[in-house]
$ cat work14.pdb   # PDB, C-alpha atoms and all ligand atoms
ATOM      1  CA  PRO A 692      97.486 112.297 120.383
ATOM      2  CA  PRO A 693      94.391 113.526 118.496
ATOM      3  CA  GLY A 694      92.136 111.045 120.247
ATOM      4  CA  GLN A 695      91.472 107.427 120.899
ATOM      5  CA  PRO A 696      90.844 104.737 118.304
ATOM      6  CA  GLN A 697      87.207 104.820 117.318
ATOM      7  CA  GLN A 698      86.489 101.469 118.807
ATOM      8  CA  GLY A 699      87.845  99.449 121.673
ATOM      9  CA  GLN A 700      89.327 101.098 124.736
ATOM     10  CA  ARG A 701      91.172  98.250 126.387
ATOM     11  CA  GLY A 702      94.777  98.823 127.408
ATOM     12  CA  SER A 703      97.344  96.909 125.395
ATOM     13  CA  GLY A 704      98.908  95.076 128.330
ATOM     14  CA  ILE A 705     102.336  95.821 126.825
ATOM     15  CA  PRO A 706     104.310  98.407 128.822
ATOM     16  CA  GLY A 707     104.545 101.697 126.926
ATOM     17  CA  ILE A 708     102.079 100.709 124.192
ATOM     18  CA  LYS A 709      98.624 102.243 124.323
ATOM     19  CA  HIS A 710      96.801 100.444 121.527
ATOM     20  CA  LEU A 711      97.336  97.364 119.402
ATOM     21  CA  VAL A 712      95.757  97.390 115.958
ATOM     22  CA  ALA A 713      95.904  94.204 113.868
ATOM     23  CA  VAL A 714      96.071  94.245 110.083
ATOM     24  CA  ALA A 715      94.633  90.991 108.775
ATOM     25  CA  SER A 716      93.493  89.310 105.570
ATOM     26  CA  GLY A 717      91.625  86.159 104.656
ATOM     27  CA  LYS A 718      94.435  84.976 102.406
ATOM     28  CA  GLY A 719      97.987  85.805 101.379
ATOM     29  CA  GLY A 720      99.106  88.086  98.586
ATOM     30  CA  VAL A 721      96.391  90.722  98.911
ATOM     31  CA  GLY A 722      98.794  93.408 100.161
ATOM     32  CA  LYS A 723      98.308  93.010 103.901
ATOM     33  CA  SER A 724     101.960  93.699 104.804
ATOM     34  CA  THR A 725     102.200  96.603 102.359
ATOM     35  CA  THR A 726      99.072  98.092 103.919
ATOM     36  CA  ALA A 727     100.326  97.486 107.466
ATOM     37  CA  VAL A 728     103.604  99.299 106.808
ATOM     38  CA  ASN A 729     102.094 102.255 104.964
ATOM     39  CA  LEU A 730      99.281 102.557 107.508
ATOM     40  CA  ALA A 731     101.843 102.606 110.326
ATOM     41  CA  LEU A 732     103.836 105.328 108.536
ATOM     42  CA  ALA A 733     100.660 107.287 107.828
ATOM     43  CA  LEU A 734      99.736 107.118 111.540
ATOM     44  CA  LYS A 735     103.233 108.397 112.281
ATOM     45  CA  SER A 736     102.719 111.281 109.841
ATOM     46  CA  LEU A 737      99.618 112.257 111.823
ATOM     47  CA  GLY A 738     101.933 112.901 114.768
ATOM     48  CA  LEU A 739     101.508 109.621 116.635
ATOM     49  CA  LYS A 740     104.219 107.458 118.152
ATOM     50  CA  VAL A 741     104.090 104.181 116.272
ATOM     51  CA  ALA A 742     105.508 100.658 116.554
ATOM     52  CA  VAL A 743     105.179  97.727 114.150
ATOM     53  CA  LEU A 744     105.143  94.039 115.083
ATOM     54  CA  ASP A 745     105.542  91.485 112.311
ATOM     55  CA  ALA A 746     103.370  88.589 113.493
ATOM     56  CA  ASP A 747     103.428  86.954 110.055
ATOM     57  CA  VAL A 748     105.828  84.313 111.330
ATOM     58  CA  TYR A 749     105.377  82.074 108.282
ATOM     59  CA  GLY A 750     106.522  84.753 105.839
ATOM     60  CA  PRO A 751     107.907  87.771 107.675
ATOM     61  CA  SER A 752     108.195  90.573 105.130
ATOM     62  CA  ILE A 753     108.368  93.592 107.421
ATOM     63  CA  PRO A 754     112.223  93.720 107.578
ATOM     64  CA  LYS A 755     112.392  93.936 103.783
ATOM     65  CA  LEU A 756     109.562  96.467 103.534
ATOM     66  CA  PHE A 757     111.387  98.727 106.003
ATOM     67  CA  GLY A 758     114.770  98.057 104.390
ATOM     68  CA  LEU A 759     116.076  96.689 107.687
ATOM     69  CA  THR A 760     118.797  94.066 108.019
ATOM     70  CA  GLY A 761     120.867  92.833 110.943
ATOM     71  CA  LYS A 762     119.830  91.656 114.363
ATOM     72  CA  PRO A 763     118.221  93.462 117.290
ATOM     73  CA  GLU A 764     120.575  94.202 120.180
ATOM     74  CA  PRO A 765     119.966  92.993 123.710
ATOM     75  CA  SER A 766     118.550  95.811 125.817
ATOM     76  CA  ASP A 767     120.572  94.984 128.940
ATOM     77  CA  ALA A 768     123.653  93.047 130.030
ATOM     78  CA  ALA A 769     121.556  90.043 131.058
ATOM     79  CA  GLY A 770     120.262  89.849 127.500
ATOM     80  CA  LYS A 771     116.721  89.082 128.622
ATOM     81  CA  LYS A 772     115.082  91.589 126.327
ATOM     82  CA  MET A 773     115.773  92.950 122.860
ATOM     83  CA  LYS A 774     115.766  96.495 121.593
ATOM     84  CA  PRO A 775     113.416  96.956 118.654
ATOM     85  CA  MET A 776     114.921  98.077 115.357
ATOM     86  CA  LYS A 777     114.107 101.607 114.255
ATOM     87  CA  ARG A 778     113.383 103.053 110.809
ATOM     88  CA  TYR A 779     111.497 106.103 109.560
ATOM     89  CA  GLY A 780     110.827 106.981 113.208
ATOM     90  CA  VAL A 781     108.975 103.719 113.837
ATOM     91  CA  GLU A 782     110.022 100.886 116.169
ATOM     92  CA  VAL A 783     109.992  97.524 114.420
ATOM     93  CA  MET A 784     110.252  93.901 115.572
ATOM     94  CA  SER A 785     110.031  90.783 113.430
ATOM     95  CA  ILE A 786     110.904  87.101 113.666
ATOM     96  CA  GLY A 787     112.666  87.811 110.368
ATOM     97  CA  PHE A 788     115.445  89.571 112.312
ATOM     98  CA  LEU A 789     116.066  86.487 114.430
ATOM     99  CA  VAL A 790     116.143  83.601 111.955
ATOM    100  CA  PRO A 791     118.051  83.397 108.642
ATOM    101  CA  GLU A 792     115.967  84.263 105.592
ATOM    102  CA  ASP A 793     116.046  80.786 104.046
ATOM    103  CA  THR A 794     114.870  78.923 107.170
ATOM    104  CA  PRO A 795     111.592  77.182 106.399
ATOM    105  CA  MET A 796     108.951  78.073 108.969
ATOM    106  CA  ILE A 797     107.441  74.653 109.443
ATOM    107  CA  TRP A 798     106.303  75.395 112.940
ATOM    108  CA  ARG A 799     103.320  74.057 114.736
ATOM    109  CA  GLY A 800     100.736  76.303 116.354
ATOM    110  CA  PRO A 801     102.087  76.305 119.934
ATOM    111  CA  MET A 802     105.623  77.141 118.771
ATOM    112  CA  VAL A 803     104.330  79.964 116.651
ATOM    113  CA  MET A 804     102.391  81.297 119.613
ATOM    114  CA  SER A 805     105.398  81.219 121.920
ATOM    115  CA  ALA A 806     107.564  82.944 119.301
ATOM    116  CA  LEU A 807     104.961  85.682 118.992
ATOM    117  CA  THR A 808     104.560  86.095 122.726
ATOM    118  CA  GLN A 809     108.329  86.427 122.945
ATOM    119  CA  LEU A 810     108.478  89.041 120.182
ATOM    120  CA  LEU A 811     105.717  91.036 121.820
ATOM    121  CA  ARG A 812     106.704  90.777 125.479
ATOM    122  CA  GLU A 813     110.473  90.385 125.370
ATOM    123  CA  THR A 814     111.061  93.487 123.317
ATOM    124  CA  GLU A 815     111.927  96.660 125.192
ATOM    125  CA  TRP A 816     109.408  98.818 123.325
ATOM    126  CA  GLY A 817     109.528 102.556 123.833
ATOM    127  CA  GLU A 818     106.383 104.624 124.200
ATOM    128  CA  ALA A 819     103.849 104.164 121.409
ATOM    129  CA  ASP A 820     100.328 105.420 120.899
ATOM    130  CA  VAL A 821      99.662 102.566 118.564
ATOM    131  CA  MET A 822     101.344  99.335 117.540
ATOM    132  CA  VAL A 823     100.380  98.000 114.129
ATOM    133  CA  ILE A 824     100.499  94.193 114.025
ATOM    134  CA  ASP A 825     100.958  92.498 110.650
ATOM    135  CA  MET A 826      98.996  89.286 111.242
ATOM    136  CA  PRO A 827      99.658  85.966 109.497
ATOM    137  CA  PRO A 828      97.295  85.594 106.502
ATOM    138  CA  GLY A 829      94.185  83.495 106.939
ATOM    139  CA  THR A 830      91.776  82.665 109.679
ATOM    140  CA  GLY A 831      93.164  79.473 111.201
ATOM    141  CA  ASP A 832      93.888  78.508 114.775
ATOM    142  CA  VAL A 833      97.090  80.533 115.066
ATOM    143  CA  GLN A 834      95.286  83.698 114.006
ATOM    144  CA  LEU A 835      92.387  82.969 116.332
ATOM    145  CA  THR A 836      94.649  82.283 119.310
ATOM    146  CA  LEU A 837      96.684  85.371 118.570
ATOM    147  CA  ALA A 838      93.554  87.525 118.391
ATOM    148  CA  GLN A 839      92.355  85.923 121.619
ATOM    149  CA  GLN A 840      95.565  86.277 123.601
ATOM    150  CA  THR A 841      96.602  89.738 122.445
ATOM    151  CA  PRO A 842      94.527  92.595 123.818
ATOM    152  CA  LEU A 843      93.754  94.169 120.436
ATOM    153  CA  SER A 844      91.968  97.525 120.300
ATOM    154  CA  GLY A 845      90.761  96.733 116.813
ATOM    155  CA  ALA A 846      91.420  95.063 113.472
ATOM    156  CA  VAL A 847      91.717  96.335 109.915
ATOM    157  CA  ILE A 848      90.914  93.804 107.184
ATOM    158  CA  VAL A 849      92.645  94.050 103.810
ATOM    159  CA  SER A 850      90.956  92.551 100.770
ATOM    160  CA  THR A 851      91.194  92.726  96.986
ATOM    161  CA  PRO A 852      87.954  93.300  95.062
ATOM    162  CA  GLN A 853      87.701  89.675  93.969
ATOM    163  CA  ASP A 854      84.817  87.595  95.254
ATOM    164  CA  LEU A 855      87.027  84.876  96.606
ATOM    165  CA  ALA A 856      89.159  87.306  98.565
ATOM    166  CA  LEU A 857      85.962  88.862  99.860
ATOM    167  CA  ILE A 858      84.584  85.582 101.071
ATOM    168  CA  ASP A 859      87.863  85.101 102.894
ATOM    169  CA  ALA A 860      87.711  88.631 104.290
ATOM    170  CA  ARG A 861      84.297  87.769 105.698
ATOM    171  CA  LYS A 862      85.874  84.818 107.510
ATOM    172  CA  GLY A 863      88.377  87.268 108.968
ATOM    173  CA  LEU A 864      85.580  89.482 110.212
ATOM    174  CA  ASN A 865      83.837  86.572 111.850
ATOM    175  CA  MET A 866      87.058  85.490 113.496
ATOM    176  CA  PHE A 867      87.551  88.873 115.163
ATOM    177  CA  ARG A 868      83.894  89.079 116.115
ATOM    178  CA  LYS A 869      84.143  85.680 117.751
ATOM    179  CA  VAL A 870      86.858  86.954 120.084
ATOM    180  CA  ASN A 871      85.199  90.360 120.604
ATOM    181  CA  VAL A 872      87.835  92.396 118.785
ATOM    182  CA  PRO A 873      86.168  95.392 117.101
ATOM    183  CA  VAL A 874      86.640  95.416 113.340
ATOM    184  CA  ILE A 875      87.663  98.980 112.494
ATOM    185  CA  GLY A 876      86.937  98.435 108.809
ATOM    186  CA  ILE A 877      87.907  97.021 105.425
ATOM    187  CA  VAL A 878      90.557  98.434 103.082
ATOM    188  CA  GLU A 879      90.208  97.428  99.449
ATOM    189  CA  ASN A 880      93.671  96.993  97.940
ATOM    190  CA  MET A 881      94.499  96.672  94.227
ATOM    191  CA  SER A 882      91.147  98.356  93.602
ATOM    192  CA  TYR A 883      91.939  99.638  90.135
ATOM    193  CA  PHE A 884      94.798 100.659  87.887
ATOM    194  CA  THR A 885      95.083 104.036  86.219
ATOM    195  CA  CYS A 886      96.895 103.773  82.886
ATOM    196  CA  THR A 887      99.938 106.019  82.992
ATOM    197  CA  LYS A 888      99.665 106.666  79.243
ATOM    198  CA  CYS A 889      95.955 107.237  78.608
ATOM    199  CA  GLY A 890      94.765 108.001  82.177
ATOM    200  CA  GLU A 891      91.955 105.465  81.860
ATOM    201  CA  ARG A 892      90.936 103.598  84.975
ATOM    202  CA  HIS A 893      91.009  99.820  84.626
ATOM    203  CA  GLU A 894      89.201  97.719  87.189
ATOM    204  CA  ILE A 895      91.272  94.604  86.840
ATOM    205  CA  PHE A 896      89.753  92.573  89.653
ATOM    206  CA  GLY A 897      86.269  94.085  89.353
ATOM    207  CA  HIS A 898      85.134  97.044  91.361
ATOM    208  CA  GLY A 899      83.051  98.004  94.344
ATOM    209  CA  GLY A 900      82.924  94.523  95.827
ATOM    210  CA  ALA A 901      84.555  95.366  99.123
ATOM    211  CA  LYS A 902      82.553  98.548  99.606
ATOM    212  CA  GLU A 903      79.253  96.768  98.952
ATOM    213  CA  GLU A 904      80.204  93.899 101.169
ATOM    214  CA  ALA A 905      81.289  96.251 103.967
ATOM    215  CA  GLY A 906      77.920  97.996 103.766
ATOM    216  CA  ARG A 907      76.066  94.707 103.726
ATOM    217  CA  ILE A 908      77.774  93.353 106.827
ATOM    218  CA  GLY A 909      77.775  96.692 108.617
ATOM    219  CA  VAL A 910      81.522  97.363 108.787
ATOM    220  CA  PRO A 911      83.071 100.731 107.847
ATOM    221  CA  PHE A 912      84.747 100.913 104.457
ATOM    222  CA  LEU A 913      88.095 102.633 104.952
ATOM    223  CA  GLY A 914      89.089 103.249 101.347
ATOM    224  CA  GLU A 915      90.380 102.009  98.002
ATOM    225  CA  ILE A 916      94.089 101.677  97.289
ATOM    226  CA  PRO A 917      94.804 101.359  93.552
ATOM    227  CA  LEU A 918      97.435  99.130  92.009
ATOM    228  CA  ASP A 919     100.542 101.157  91.441
ATOM    229  CA  LYS A 920     103.973 100.159  90.225
ATOM    230  CA  GLU A 921     105.640 102.731  92.478
ATOM    231  CA  VAL A 922     104.079 101.088  95.565
ATOM    232  CA  ARG A 923     105.546  97.738  94.571
ATOM    233  CA  LEU A 924     108.960  99.126  93.631
ATOM    234  CA  ARG A 925     109.264 101.120  96.843
ATOM    235  CA  SER A 926     108.158  98.136  98.913
ATOM    236  CA  ASP A 927     110.814  95.991  97.265
ATOM    237  CA  SER A 928     113.533  98.553  97.927
ATOM    238  CA  GLY A 929     112.593  99.114 101.568
ATOM    239  CA  GLU A 930     111.443 102.688 100.956
ATOM    240  CA  PRO A 931     107.686 102.584 101.611
ATOM    241  CA  ILE A 932     105.777 105.173  99.606
ATOM    242  CA  VAL A 933     104.329 106.984 102.638
ATOM    243  CA  ALA A 934     107.810 107.497 104.117
ATOM    244  CA  THR A 935     109.534 108.516 100.909
ATOM    245  CA  GLN A 936     106.906 110.229  98.715
ATOM    246  CA  PRO A 937     104.925 112.591 100.922
ATOM    247  CA  ASP A 938     103.074 114.115  97.944
ATOM    248  CA  ALA A 939     102.075 110.901  96.169
ATOM    249  CA  LEU A 940      98.404 110.031  95.703
ATOM    250  CA  HIS A 941      98.956 106.795  97.605
ATOM    251  CA  THR A 942     100.403 108.636 100.585
ATOM    252  CA  ALA A 943      97.214 110.721 100.762
ATOM    253  CA  LEU A 944      95.070 107.585 100.457
ATOM    254  CA  TYR A 945      96.914 105.775 103.247
ATOM    255  CA  ARG A 946      96.606 108.906 105.406
ATOM    256  CA  ASP A 947      92.847 108.886 104.851
ATOM    257  CA  VAL A 948      92.762 105.314 106.089
ATOM    258  CA  ALA A 949      94.938 106.250 109.086
ATOM    259  CA  ARG A 950      92.590 109.098 110.068
ATOM    260  CA  GLN A 951      89.705 106.651 110.201
ATOM    261  CA  VAL A 952      91.674 104.135 112.223
ATOM    262  CA  TRP A 953      92.692 106.694 114.827
TER
HETATM  263  P1  LIG B   1     100.434  90.000 101.769
HETATM  264  O1  LIG B   1     101.056  90.576 102.998
HETATM  265  O2  LIG B   1      98.946  90.065 101.759
HETATM  266  O3  LIG B   1     100.938  88.629 101.414
HETATM  267  P2  LIG B   1     102.107  91.891 100.323
HETATM  268  O4  LIG B   1     101.888  93.162 101.075
HETATM  269  O5  LIG B   1     103.373  91.148 100.552
HETATM  270  O6  LIG B   1     100.859  90.918 100.525
HETATM  271  O7  LIG B   1     101.908  92.233  98.777
HETATM  272  C1  LIG B   1     102.051  91.257  97.766
HETATM  273  C2  LIG B   1     102.726  91.889  96.540
HETATM  274  O8  LIG B   1     101.853  92.874  95.973
HETATM  275  C3  LIG B   1     104.008  92.632  96.884
HETATM  276  O9  LIG B   1     104.911  92.466  95.820
HETATM  277  C4  LIG B   1     103.583  94.088  96.980
HETATM  278  O10 LIG B   1     104.639  94.979  96.668
HETATM  279  C5  LIG B   1     102.481  94.144  95.947
HETATM  280  N1  LIG B   1     101.438  95.148  96.248
HETATM  281  C6  LIG B   1     100.664  95.232  97.345
HETATM  282  N2  LIG B   1      99.792  96.257  97.246
HETATM  283  C7  LIG B   1     100.043  96.862  96.049
HETATM  284  C8  LIG B   1      99.494  97.995  95.350
HETATM  285  N3  LIG B   1      98.486  98.713  95.837
HETATM  286  N4  LIG B   1     100.026  98.310  94.131
HETATM  287  C9  LIG B   1     101.038  97.559  93.606
HETATM  288  N5  LIG B   1     101.592  96.492  94.212
HETATM  289  C10 LIG B   1     101.105  96.143  95.417
END
$ encode --input "work14.pdb" --output "structure tokens"
Amino acid sequence: PPGQPQQGQRGSGIPGIKHLVAVASGKGGVGKSTTAVNLALALKSLGLKVAVLDADVYGPSIPKLFGLTGKPEPSDAAGKKMKPMKRYGVEVMSIGFLVPEDTPMIWRGPMVMSALTQLLRETEWGEADVMVIDMPPGTGDVQLTLAQQTPLSGAVIVSTPQDLALIDARKGLNMFRKVNVPVIGIVENMSYFTCTKCGERHEIFGHGGAKEEAGRIGVPFLGEIPLDKEVRLRSDSGEPIVATQPDALHTALYRDVARQVW
């Protein structure tokens, strides 16, 4: 590996996994899962061994983003542990593999926590330099407990440029600070849209908000990811842009983020 994550040197506590990096957001729909998947694949493209844990138990979208269906196999005859699924050279585990898609996740906090602990500790992970954890959106008790109980090396916060999303991102920062998890930085998603016909840049949700806010609160700004139809289409079809379009602008942008995380 090229080095250690910039911040946080605690071991992960999970056999075989060196570092756990959470990807979080103050609210849903800002592109947290999309960022988590493409960041994981970008870390992989830097030559690291990478695993992904879908901790978004209320709306697990990692199976779909990776184009994975089916169930994980037991790793031994006793069936005590599961083998992670594998795609694009990355090991993947999600509650979405274990429950049918249309099951409503009306779980209470303690059940969510035990499901997550199970996913994390009862999976026979291989060796990984870094595991990217797609956190549930928001900054409630589940998120706080998860951040507290999982030995995270650091957290990446995803936000859109909108003020409201930023206020929520700030909550996310405070949550991680409260439990002494270093915040690696903020990624601004849906930053702008470049018109495919005229080439003009449209700042649909405003611009610069996340960068300014990051500077103001003293957290690194990791980059801007523009809105792009190809990102959405490839996410929907389980062919994330970083894995399938090595020369795309977005692939380069996600790699820039990955270099700052590692
Ligand atoms: P979250 O995990 O925060 O709920 P998702 O990653 O599921 O958000 O993204 C929400 C929707 O926005 C998805 O349809 C996804 O494909 C789309 N999306 C996310 N980021 C981008 C982007 N940069 N450009 C275009 N679509 C995006």
$ residues_near_ligand --input "work14.pdb" --ligand "ligand LIG 1 (chain B)" --cutoff "6 Å" --atoms "all atoms listed in the file" --output "list in words"
Gly719, Gly720, Val721, Gly722, Lys723, Ser724, Thr725, Asn880, Met881, Ile916, Pro917, Leu918, Asp919, Lys920, Val922, Arg923 and Ser926 of chain A
$ closest_atom_pairs --input "work14.pdb" --of "region 743-862 of chain A" --to "region 901-906 of chain A" --cutoff "10 Å" --atoms "only C-alpha atoms" --output "Markdown table"
| residue | atom | partner | partner_atom | distance |
| --- | --- | --- | --- | --- |
| A:Val849 | CA | A:Ala901 | CA | 9.4 |
| A:Ser850 | CA | A:Ala901 | CA | 7.2 |
| A:Thr851 | CA | A:Ala901 | CA | 7.5 |
| A:Pro852 | CA | A:Ala901 | CA | 5.7 |
| A:Gln853 | CA | A:Ala901 | CA | 8.3 |
| A:Asp854 | CA | A:Ala901 | CA | 8.7 |
| A:Ala856 | CA | A:Ala901 | CA | 9.3 |
| A:Leu857 | CA | A:Ala901 | CA | 6.7 |
| A:Ile858 | CA | A:Glu904 | CA | 9.4 |
| A:Ala860 | CA | A:Ala901 | CA | 9.1 |
| A:Arg861 | CA | A:Glu904 | CA | 8.7 |
$ atom_distance --input "work14.pdb" --atom1 "CA of Leu732 (chain A)" --atom2 "CA of Arg778 (chain A)"
10.1 Å
$ atom_distance --input "work14.pdb" --atom1 "CA of Gly899 (chain A)" --atom2 "CA of Gly914 (chain A)"
10.6 Å
$ residues_near_point --input "work14.pdb" --point "(89.0, 86.9, 109.1)" --cutoff "9 Å" --atoms "all atoms listed in the file" --output "list in words"
Ala715, Ser716, Gly717, Lys718, Pro828, Gly829, Thr830, Gly831, Gln834, Leu835, Ile848, Asp859, Ala860, Arg861, Lys862, Gly863, Leu864, Asn865, Met866, Phe867 and Arg868 of chain A
$ resolve_selection --input "work14.pdb" --expression "the PyMOL selection byres (((chain A and resi 822) around 12) and not hetatm)" --output "number ranges by chain"
A: 696, 702-714, 727-728, 730-732, 734-735, 739-746, 781-784, 811, 816-821, 823-825, 841-846, 953
$ resolve_selection --input "work14.pdb" --expression "the PyMOL selection byres (((chain A and resi 748) around 10) and not hetatm)" --output "list in words"
Asp745, Ala746, Asp747, Tyr749, Gly750, Pro751, Ser752, Ser785, Ile786, Gly787, Met796, Ile797, Trp798, Val803, Met804, Ala806, Leu807, Asp825, Met826, Pro827 and Pro828 of chain A
$ closest_residue --input "work14.pdb" --among "A:Lys772, A:Arg925, A:Lys777, A:Lys888" --to "Asn729 (chain A)" --atoms "only C-alpha atoms"
A:Arg925
$ atom_distance --input "work14.pdb" --atom1 "CA of Leu837 (chain A)" --atom2 "CA of Ser928 (chain A)"
29.7 Å
$ closest_residue --input "work14.pdb" --among "A:Thr808, A:Thr760, A:Ser766, A:Ser736" --to "Val790 (chain A)" --atoms "only C-alpha atoms"
A:Thr760
$ residues_around --input "work14.pdb" --residues "Thr814 (chain A)" --least-positions-apart "6" --cutoff "7 Å" --atoms "only C-alpha atoms" --output "list in words"
Lys772, Met773, Lys774 and Pro775 of chain A
$ write_last_selection --input "work14.pdb" --atoms "C-alpha atoms" --output "PDB file, keeping the file's coordinate frame"
ATOM      1  CA  LYS A 772     115.082  91.589 126.327  1.00  0.00           C
ATOM      2  CA  MET A 773     115.773  92.950 122.860  1.00  0.00           C
ATOM      3  CA  LYS A 774     115.766  96.495 121.593  1.00  0.00           C
ATOM      4  CA  PRO A 775     113.416  96.956 118.654  1.00  0.00           C
TER       5      PRO A 775
END
$ axis_aligned_box --input "work14.pdb" --around "region 806-812 of chain A" --padding-each-side "8 Å" --output "AutoDock Vina command-line options"
--center_x 106.5 --center_y 87.0 --center_z 122.2 --size_x 19.9 --size_y 24.1 --size_z 22.5
$ resolve_selection --input "work14.pdb" --expression "the PyMOL selection byres (((chain A and resi 895) around 9) and not hetatm)" --output "list in words"
Pro852, Met881, Ser882, Tyr883, Phe884, His893, Glu894, Phe896, Gly897 and His898 of chain A
